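S.K.: Once you've had a glance at the structure underneath, I'll fire off some questions.
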Amino acid sequence: MSLNYSVIVCTFNGASFILEQLKSILSQPILPQKIIISDDGSCDETLAIVQQIFAQANFAAYQIVQGSKKGVIANFLSALKHCEADFTFLADQDDIWHVDKITEFAQMAEKQNSNVPTLTFSDARLIDEQNQEIAPSFFAYQALSAECLNDDSILYKNCVQGAACMINRALRNLALESLSYTQLSELYMHDWWLALLARYYGETQFIDKPLLDYRQHCQNQIGVFNHKFRALYYVSRFRSYWKNFRQSIRQAKMFEYFVTQYGKPHGLPVKSKRIYHSVPTLKKWILPLFVK
């Protein structure tokens, strides 16, 4: 079995954890064609550690590029232009790949039509800063389901975790083309944008198995919470919830604009025919006030 792939690792002051992540990537039975380190202006030892790890592993197929310094969304999406392989993996600087990750994804890649933009993603195990398990399943912990990609729920509820996804060349090309029509400030997160593109212009594949350790700590861009305490989260962090909700609406509107401007066939139905089975009840109640 083989897989022609690149890995994007976006870094910013990641000296505490980058060693474990890169070692886990370099321990895969199928090594990447190239690893792109897109650094957003680290002022710690991140890049020195990166170069040391690659030297020790005698791995020369890497490239260090300067990020846009406009945040994680711009960093990941702009780094796609450096990927030339058939498939691209996104990797956070502080996670750890499981040893069977590439093998599992390679099996899914064999089922794809290379001409169809396709996003493949898996579950993850949650760990803390000391590598202790928080939960064996990211999906179970947050009560997520890949079913939100079966209708139009993905417009307002995301189930795709960037660190757990692989995109094929067709989706990479589509994502890069979409940047010409998109204001990045309107996007909620890069993985959600990729999920929207795949849902309405291509296909998605879900591997119902944790294939990486997703680390939670105080510096996470996007944190997670136990779904059992969802009501408490709504009350105690209502401002944060409301801000995120409004951002998801802006992103959906940005996608609608992209669809009208891109001018290629798509599967986005008119608003009156959209179905949101997987969107939480509270959001369903509020959406009509903002989505006309």
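Ordering of the structure tokens sets the chain letters (A, B, ...); residue numbers start at 1 within each chain; ligands are numbered from 1 in the order shown.
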Please report, as a ChimeraX atom specification, each residue of region 82-146 of chain A to which DSSP assigns alpha helix (DSSP H) when run on this structure's backbone.
M.R.: /A:101-109,138-142
S.K.: Output C-alpha atoms of each residue in that selection to a file, as a PDB file, in the first residue's frame.
M.R.:
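Wrote it out as part.pdb, contents follow:
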```pdb
ATOM      1  CA  LYS A 101      -3.164   6.937  10.816  1.00  0.00           C
ATOM      2  CA  ILE A 102      -1.693   6.959   7.309  1.00  0.00           C
ATOM      3  CA  THR A 103      -2.529   3.294   6.733  1.00  0.00           C
ATOM      4  CA  GLU A 104      -6.197   3.932   7.533  1.00  0.00           C
ATOM      5  CA  PHE A 105      -6.376   7.030   5.350  1.00  0.00           C
ATOM      6  CA  ALA A 106      -4.586   5.263   2.494  1.00  0.00           C
ATOM      7  CA  GLN A 107      -7.335   2.639   2.437  1.00  0.00           C
ATOM      8  CA  MET A 108      -9.942   5.378   2.091  1.00  0.00           C
ATOM      9  CA  ALA A 109      -7.938   7.122  -0.622  1.00  0.00           C
ATOM     10  CA  PHE A 138     -13.631  13.621  20.378  1.00  0.00           C
ATOM     11  CA  PHE A 139     -16.934  12.844  18.631  1.00  0.00           C
ATOM     12  CA  ALA A 140     -18.503  11.197  21.678  1.00  0.00           C
ATOM     13  CA  TYR A 141     -17.217  13.912  24.020  1.00  0.00           C
ATOM     14  CA  GLN A 142     -18.869  16.638  21.960  1.00  0.00           C
TER      15      GLN A 142
END
```
S.K.: Report as a list in words all protein, DNA and RNA residues lying within 12 Å of Gln183 (chain A), evaluated on only C-alpha atoms, omitting residues in the same chain fewer than 3 positions from it.
M.R.: Ile73, Ala74, Ser178, Leu179, Ser180, Glu186, Leu187, Tyr188, Trp193, Arg250, Gln251, Lys253, Met254, Phe255, Tyr257 and Phe258 of chain A
S.K.: Looking at A:Leu31, A:Cys10, A:Leu176, A:Ile25, which one is nearest to Lys69 (chain A), with distances taken over only C-alpha atoms?
M.R.: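 Answer, going by the shortest atom-to-atom distance: A:Cys10.
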S.K.: Could you list, as a PyMOL selection string, every residue within 10 Å of Lys271 (chain A), counting only C-alpha atoms and ignoring same-chain residues fewer than 2 positions away?
M.R.: chain A and resi 152+268-269+273-275+291-292
